[in-house]
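Listing of work.tsv; format and content: TSV, C-alpha atoms.
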```tsv
chain	number	residue	atom	x	y	z
D	1	MET	CA	-58.55	-50.15	-39.79
D	2	MET	CA	-61.08	-47.82	-41.41
D	3	ASN	CA	-61.89	-44.36	-40.21
D	4	MET	CA	-64.93	-42.21	-40.85
D	5	LYS	CA	-63.15	-40.17	-43.52
D	6	GLN	CA	-62.37	-43.33	-45.50
D	7	ASP	CA	-65.97	-44.50	-45.12
D	8	GLN	CA	-67.16	-41.11	-46.35
D	9	GLU	CA	-64.90	-41.28	-49.39
D	10	LYS	CA	-66.42	-44.61	-50.41
D	11	ILE	CA	-70.03	-43.85	-49.42
D	12	LYS	CA	-71.39	-44.81	-52.86
D	13	THR	CA	-69.81	-48.26	-52.69
D	14	LEU	CA	-70.97	-48.74	-49.10
D	15	LEU	CA	-74.55	-47.76	-49.92
D	16	MET	CA	-74.56	-50.01	-52.99
D	17	ASP	CA	-73.47	-52.89	-50.75
D	18	VAL	CA	-76.40	-52.11	-48.45
D	19	VAL	CA	-78.68	-52.01	-51.52
D	20	ASP	CA	-77.39	-55.46	-52.52
D	21	HIS	CA	-77.94	-56.71	-48.97
D	22	ALA	CA	-81.50	-55.33	-48.92
D	23	ALA	CA	-82.31	-56.68	-52.40
D	24	ASN	CA	-81.09	-60.13	-51.37
D	25	PHE	CA	-83.25	-59.97	-48.25
D	26	PHE	CA	-86.37	-58.93	-50.19
D	27	SER	CA	-85.80	-61.50	-52.95
D	28	ASN	CA	-85.65	-64.34	-50.43
D	29	LEU	CA	-88.65	-63.45	-48.27
D	30	GLU	CA	-90.71	-66.47	-49.32
D	31	HIS	CA	-87.95	-68.72	-47.96
D	32	ARG	CA	-87.77	-66.99	-44.60
D	33	ALA	CA	-90.03	-67.31	-41.59
D	34	VAL	CA	-92.07	-64.26	-40.65
D	35	THR	CA	-90.87	-64.66	-37.07
D	36	ASN	CA	-87.75	-66.25	-35.71
D	37	HIS	CA	-87.95	-67.64	-32.21
D	38	SER	CA	-84.23	-68.17	-31.88
D	39	SER	CA	-82.63	-65.82	-29.43
D	40	SER	CA	-79.11	-67.22	-29.26
D	41	LEU	CA	-76.49	-64.74	-30.29
D	42	PRO	CA	-72.76	-64.97	-30.57
D	43	THR	CA	-71.06	-63.03	-27.82
D	44	PRO	CA	-69.26	-60.25	-29.67
D	45	THR	CA	-66.35	-58.36	-28.25
D	46	LEU	CA	-65.76	-54.71	-28.91
D	47	PRO	CA	-62.78	-54.22	-31.21
D	48	GLU	CA	-60.03	-51.98	-29.94
D	49	VAL	CA	-60.01	-50.07	-33.23
D	50	GLY	CA	-62.98	-49.25	-35.43
D	51	GLU	CA	-63.33	-51.54	-38.42
D	52	GLY	CA	-65.37	-49.28	-40.65
D	53	ALA	CA	-68.78	-49.57	-42.24
D	54	GLN	CA	-67.87	-52.29	-44.81
D	55	ALA	CA	-66.50	-54.70	-42.20
D	56	THR	CA	-69.41	-53.93	-39.91
D	57	LEU	CA	-71.93	-54.74	-42.67
D	58	GLN	CA	-70.13	-58.00	-43.37
D	59	TYR	CA	-70.10	-58.87	-39.66
D	60	PHE	CA	-73.80	-58.05	-39.35
D	61	THR	CA	-74.64	-60.16	-42.40
D	62	LYS	CA	-72.65	-63.15	-41.14
D	63	GLN	CA	-73.60	-63.00	-37.45
D	64	PHE	CA	-77.09	-61.54	-37.22
D	65	ALA	CA	-79.02	-61.14	-40.48
D	66	GLU	CA	-80.29	-64.73	-40.68
D	67	GLY	CA	-81.65	-64.56	-37.13
D	68	LEU	CA	-83.82	-61.49	-37.70
D	69	ASN	CA	-87.48	-61.95	-38.53
D	70	SER	CA	-88.75	-61.07	-41.98
D	71	SER	CA	-91.80	-59.03	-41.12
D	72	VAL	CA	-91.45	-56.56	-43.98
D	73	GLY	CA	-94.31	-55.37	-46.15
D	74	SER	CA	-97.70	-56.97	-45.68
D	75	ARG	CA	-96.40	-60.31	-44.36
D	76	TYR	CA	-96.83	-59.52	-40.69
D	77	LEU	CA	-99.38	-57.30	-39.02
D	78	GLY	CA	-98.40	-57.86	-35.39
D	79	PHE	CA	-97.04	-54.35	-34.96
D	80	VAL	CA	-98.84	-51.04	-35.28
D	81	THR	CA	-96.00	-49.81	-37.43
D	82	GLY	CA	-96.15	-52.70	-39.89
D	83	GLY	CA	-93.18	-53.70	-41.96
D	84	SER	CA	-90.82	-51.84	-44.22
D	85	THR	CA	-91.64	-51.25	-47.85
D	86	PRO	CA	-89.42	-49.95	-50.65
D	87	ALA	CA	-90.95	-46.47	-50.25
D	88	SER	CA	-90.39	-46.45	-46.48
D	89	ILE	CA	-86.77	-47.53	-46.97
D	90	VAL	CA	-86.19	-44.65	-49.39
D	91	GLY	CA	-87.72	-42.25	-46.86
D	92	ASP	CA	-85.68	-43.70	-44.02
D	93	TRP	CA	-82.48	-43.35	-46.02
D	94	LEU	CA	-83.25	-39.74	-46.85
D	95	VAL	CA	-84.04	-38.98	-43.21
D	96	SER	CA	-80.72	-40.52	-42.21
D	97	VAL	CA	-78.75	-38.76	-44.96
D	98	TYR	CA	-80.11	-35.28	-44.25
D	99	ASP	CA	-80.37	-35.74	-40.45
D	100	GLN	CA	-82.37	-32.60	-39.72
D	101	ASN	CA	-82.65	-31.61	-36.07
D	102	LEU	CA	-85.44	-29.08	-35.81
D	103	SER	CA	-85.75	-26.89	-32.77
D	104	HIS	CA	-87.49	-24.01	-34.55
D	105	SER	CA	-88.95	-23.15	-37.95
D	106	LYS	CA	-85.92	-21.23	-39.22
D	107	GLY	CA	-82.73	-22.65	-40.60
D	108	SER	CA	-84.27	-25.49	-42.61
D	109	ILE	CA	-87.24	-26.13	-44.85
D	110	ALA	CA	-87.87	-29.40	-42.98
D	111	GLY	CA	-90.49	-27.85	-40.68
D	112	SER	CA	-92.42	-26.54	-43.67
D	113	MET	CA	-92.18	-29.97	-45.29
D	114	GLU	CA	-93.77	-31.47	-42.17
D	115	LEU	CA	-96.64	-28.99	-42.28
D	116	ALA	CA	-97.17	-29.60	-46.01
D	117	THR	CA	-97.25	-33.36	-45.39
D	118	ILE	CA	-99.83	-32.89	-42.65
D	119	ASP	CA	-101.93	-30.82	-45.05
D	120	MET	CA	-101.74	-33.62	-47.63
D	121	LEU	CA	-102.78	-36.18	-45.00
D	122	LYS	CA	-105.74	-34.00	-44.06
D	123	GLU	CA	-106.70	-33.87	-47.73
D	124	LEU	CA	-106.32	-37.64	-48.10
D	125	LEU	CA	-108.41	-38.31	-44.99
D	126	LEU	CA	-110.98	-35.62	-45.86
D	127	LEU	CA	-110.29	-33.69	-42.66
D	128	SER	CA	-111.10	-30.02	-42.34
D	129	ASP	CA	-108.44	-27.33	-42.06
D	130	ASP	CA	-109.40	-27.01	-38.38
D	131	TYR	CA	-107.30	-30.09	-37.64
D	132	ARG	CA	-103.65	-29.73	-36.73
D	133	GLY	CA	-100.88	-32.26	-36.44
D	134	THR	CA	-97.26	-33.01	-35.85
D	135	PHE	CA	-94.90	-35.90	-36.35
D	136	VAL	CA	-93.32	-37.69	-33.42
D	137	SER	CA	-90.52	-40.22	-33.21
D	138	GLY	CA	-92.65	-43.36	-33.30
D	139	ALA	CA	-95.60	-45.33	-31.99
D	140	THR	CA	-94.66	-44.97	-28.32
D	141	MET	CA	-94.43	-41.19	-28.51
D	142	ALA	CA	-97.63	-41.08	-30.58
D	143	ASN	CA	-99.45	-42.86	-27.74
D	144	PHE	CA	-97.84	-40.58	-25.17
D	145	VAL	CA	-98.81	-37.44	-27.09
D	146	GLY	CA	-102.32	-38.82	-27.62
D	147	LEU	CA	-102.74	-39.30	-23.87
D	148	ALA	CA	-101.49	-35.78	-23.20
D	149	GLN	CA	-103.94	-34.39	-25.76
D	150	ALA	CA	-106.81	-36.35	-24.22
D	151	ARG	CA	-105.89	-34.99	-20.79
D	152	GLU	CA	-105.89	-31.43	-22.10
D	153	TRP	CA	-109.16	-31.96	-23.98
D	154	ILE	CA	-111.00	-33.27	-20.92
D	155	ALA	CA	-109.53	-30.53	-18.75
D	156	GLN	CA	-110.69	-27.87	-21.20
D	157	TYR	CA	-114.12	-29.51	-21.35
D	158	TYR	CA	-114.43	-29.09	-17.57
D	159	GLY	CA	-113.05	-25.54	-17.65
D	160	LYS	CA	-109.69	-26.40	-16.12
D	161	ASN	CA	-106.18	-25.40	-17.11
D	162	THR	CA	-103.77	-28.20	-16.26
D	163	ALA	CA	-100.77	-25.88	-16.62
D	164	LEU	CA	-102.17	-23.64	-13.87
D	165	ASP	CA	-104.39	-26.00	-11.88
D	166	GLY	CA	-102.78	-29.40	-12.34
D	167	LEU	CA	-104.98	-32.47	-12.51
D	168	TYR	CA	-106.24	-32.44	-8.93
D	169	GLY	CA	-109.96	-31.97	-8.76
D	170	ILE	CA	-110.48	-31.97	-12.50
D	171	LEU	CA	-113.71	-33.96	-12.26
D	172	GLN	CA	-115.04	-32.41	-9.04
```

Show me the file's structure as structure tokens.
Amino acid sequence: MMNMKQDQEKIKTLLMDVVDHAANFFSNLEHRAVTNHSSSLPTPTLPEVGEGAQATLQYFTKQFAEGLNSSVGSRYLGFVTGGSTPASIVGDWLVSVYDQNLSHSKGSIAGSMELATIDMLKELLLLSDDYRGTFVSGATMANFVGLAQAREWIAQYYGKNTALDGLYGILQ
């Protein structure tokens, strides 16, 4: 039985094991199918006592890893989000390690980092400073936010305030 404290004490070893797992996955991409149409899974049972991160990684590797598709990098363009790359994995790890939960601009520099990143994206895309932006949790929320922005834009165009007037009669 492993507990969270024990996992925390051996975090470097655990992360190195994940690095080894990831390196093995990336080094064998050419031997793996981009998609895997198999959907049969073993029927796991929930252990009565937690087994810790090491045992969980070993279980994942044995039971599930081979059945996952290998759509990383530029091999598969079927998703808007594309596949993982070494840089995106580093970023994802750092996001997970620091686990910032922003509800306001004070208490962490993370909000300022987001704004600085948006400024760099505007520079990269040659957008004027008039543009604003924010990061959302993923493609689904990006679409949702985009629809909300389009609704507000069209309402403003027709002189309506959806917060006060709702959507009824917006085009009348």

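The spacing separating CA of Asn69 (chain D) from CA of Thr35 (chain D) amounts to 4.6 Å.
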
List every protein, DNA or RNA residue with an atom no more than 10 Å from (-61.1, -46.8, -38.0) in the file's coordinates, counting only C-alpha atoms, and format the result as a PyMOL selection string.
chain D and resi 1-7+48-53

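A straight line drawn from CA of His21 (chain D) to CA of Gln58 (chain D) is 9.7 Å long.
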
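Distances here use only C-alpha atoms; by that measure, the residue among D:Ser137, D:Ser40, D:Gln8, D:Asn101 closest to Phe64 (chain D) is D:Ser40.
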
Show which residues sit within 12 Å of Gly67 (chain D), as a tab-separated table (two decimals) with C-alpha atoms, in the coordinates of the input. Count only C-alpha atoms, and ignore same-chain residues fewer than 2 positions away.
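Below is the file that was written, part_33.tsv:
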```tsv
chain	number	residue	atom	x	y	z
D	32	ARG	CA	-87.77	-66.99	-44.60
D	33	ALA	CA	-90.03	-67.31	-41.59
D	34	VAL	CA	-92.07	-64.26	-40.65
D	35	THR	CA	-90.87	-64.66	-37.07
D	36	ASN	CA	-87.75	-66.25	-35.71
D	37	HIS	CA	-87.95	-67.64	-32.21
D	38	SER	CA	-84.23	-68.17	-31.88
D	39	SER	CA	-82.63	-65.82	-29.43
D	40	SER	CA	-79.11	-67.22	-29.26
D	41	LEU	CA	-76.49	-64.74	-30.29
D	42	PRO	CA	-72.76	-64.97	-30.57
D	60	PHE	CA	-73.80	-58.05	-39.35
D	61	THR	CA	-74.64	-60.16	-42.40
D	62	LYS	CA	-72.65	-63.15	-41.14
D	63	GLN	CA	-73.60	-63.00	-37.45
D	64	PHE	CA	-77.09	-61.54	-37.22
D	65	ALA	CA	-79.02	-61.14	-40.48
D	69	ASN	CA	-87.48	-61.95	-38.53
D	70	SER	CA	-88.75	-61.07	-41.98
```

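Using only C-alpha atoms, the nearest neighbour of Lys12 (chain D) within the list D:Asn24, D:Asp119, D:Gln54, D:Leu46 is D:Gln54.
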
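CA of Ile89 (chain D) is found 10.6 Å from CA of Val72 (chain D).
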
Considering all atoms listed in the file, give me a table of residues in region 132-170 of chain D that are at most 12 Å from region 121-124 of chain D, with the closest atom pair and distance in Å for each, as a Markdown table.
```
| residue | atom | partner | partner_atom | distance |
| --- | --- | --- | --- | --- |
| D:Arg132 | CA | D:Lys122 | CA | 8.7 |
| D:Gly133 | CA | D:Lys122 | CA | 9.2 |
| D:Thr134 | CA | D:Leu121 | CA | 11.1 |
| D:Phe135 | CA | D:Leu121 | CA | 11.7 |
```

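Take the candidates D:Ser71, D:Leu57, D:Tyr98, D:Lys106 and check each one against Phe26 (chain D) using only C-alpha atoms; the shortest distance goes to D:Ser71.
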
Just want the 12 Å neighbourhood of Leu102 (chain D), counted on all atoms listed in the file, with same-chain residues fewer than 2 positions away dropped. Output as a PyMOL selection string.
chain D and resi 98-100+104-114+135-136

Test item: axis-aligned box, all listed atoms of region 96-115 of chain D, 3 Å on each side, centre and edges in Å rounded to one decimal, as JSON:
```
{"center_x": -87.7, "center_y": -30.9, "center_z": -39.0, "size_x": 23.9, "size_y": 25.3, "size_z": 18.5}
```

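Taking all atoms listed in the file into account, Leu171 (chain D) lies nearest to D:Ala155 out of the set D:Leu127, D:Met120, D:Ala155, D:Leu29.
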